[in-house]
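Following: one structure in structure tokens, then a few remarks.
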Amino acid sequence: MKYAIVALAITAFAAPAVAAGKMTDVDYLRANRCKGLATTIEGVVDPAALNSVIKAERGARATYVVDRGEEEFNKARKEAKGQDRKERLTAELTGACQAYLGGATSVAKQGKDVANP
């Protein structure tokens, strides 16, 4: 429950910048992290939706930011492989990561019990 509250608080700060179409470098890195989580924790968020956002934003980034984004993606994939972290990371996907999905309403699977996937 605490993780869900933290995720909602993070979303409150991330959503306005992304909704306005002005993704910062930090938002770009966070979107890459979300994609890494989504590719490992299947069935919560469609990684293709995150990938399209990342591709659209990649051109406006310096090379070192793009490289760092790939590092964040790989670190998140490794982190998500641990079963002890799955609940917290799933809360992050359904909370903070939603800010990077834009208008894709069908991306998050509704009604799925996170504790018992």
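Residues in the structure tokens are numbered from 1 in each chain, the chains being A, B, ... in the order shown, and ligands are numbered from 1 in the order shown.
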Test item: residues at most 6 Å from Arg77 of chain A, only C-alpha atoms, excluding those fewer than 3 positions along its chain, as a list in words:
Gly36, Leu37, Thr40, Asn74 and Ala80 of chain A
Between atom CA of Cys34 of chain A and atom CA of Cys97 of chain A, measure the distance and give it in Å to one decimal.
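These two atoms are separated by 5.7 Å.
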Best match for closeness to Val45 of chain A among A:Gln83, A:Leu93, A:Tyr100, A:Val66, counting only C-alpha atoms
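Selected residue with least distance to Val45 of chain A: A:Leu93.
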For each of A:Lys81, A:Glu71, A:Tyr28, A:Lys86, take the minimum atom-to-atom distance to Lys55 of chain A, counting only C-alpha atoms, then give the residue where this is smallest.
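Looking at the shortest contact to Lys55 of chain A, the residue is A:Tyr28.
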Nearest to Lys78 of chain A among A:Arg33, A:Gly59, A:Asn51, A:Val65, with distances taken over only C-alpha atoms: which residue is it?
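Nearest candidate to Lys78 of chain A out of A:Arg33, A:Gly59, A:Asn51, A:Val65: A:Arg33.
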For a quick check of understanding, using only C-alpha atoms, which of A:Glu70, A:Glu92, A:Asp27, A:Asp84 has the smallest distance to Glu57 of chain A?
A:Asp27
Computed interatomic separation between atom CA of Gln98 of chain A and atom CA of Gly69 of chain A (Å):
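Going from atom CA of Gln98 of chain A over to atom CA of Gly69 of chain A covers 17.7 Å.
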So which one's closest to Arg85 of chain A, A:Ala99, A:Leu29, A:Ala62, A:Ile41? Using only C-alpha atoms, please.
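Of A:Ala99, A:Leu29, A:Ala62, A:Ile41, the one nearest Arg85 of chain A, counting only C-alpha atoms, is A:Ile41.
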For a quick check of understanding, using only C-alpha atoms, which of A:Pro47, A:Ala96, A:Leu101, A:Asp25 has the smallest distance to Arg68 of chain A?
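Ranking A:Pro47, A:Ala96, A:Leu101, A:Asp25 by distance to Arg68 of chain A, first place goes to A:Asp25.
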Length of the atom CA of Glu42 of chain A to atom CA of Gly82 of chain A vector [Å]:
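Distance reported for this atom pair: 13.6 Å.
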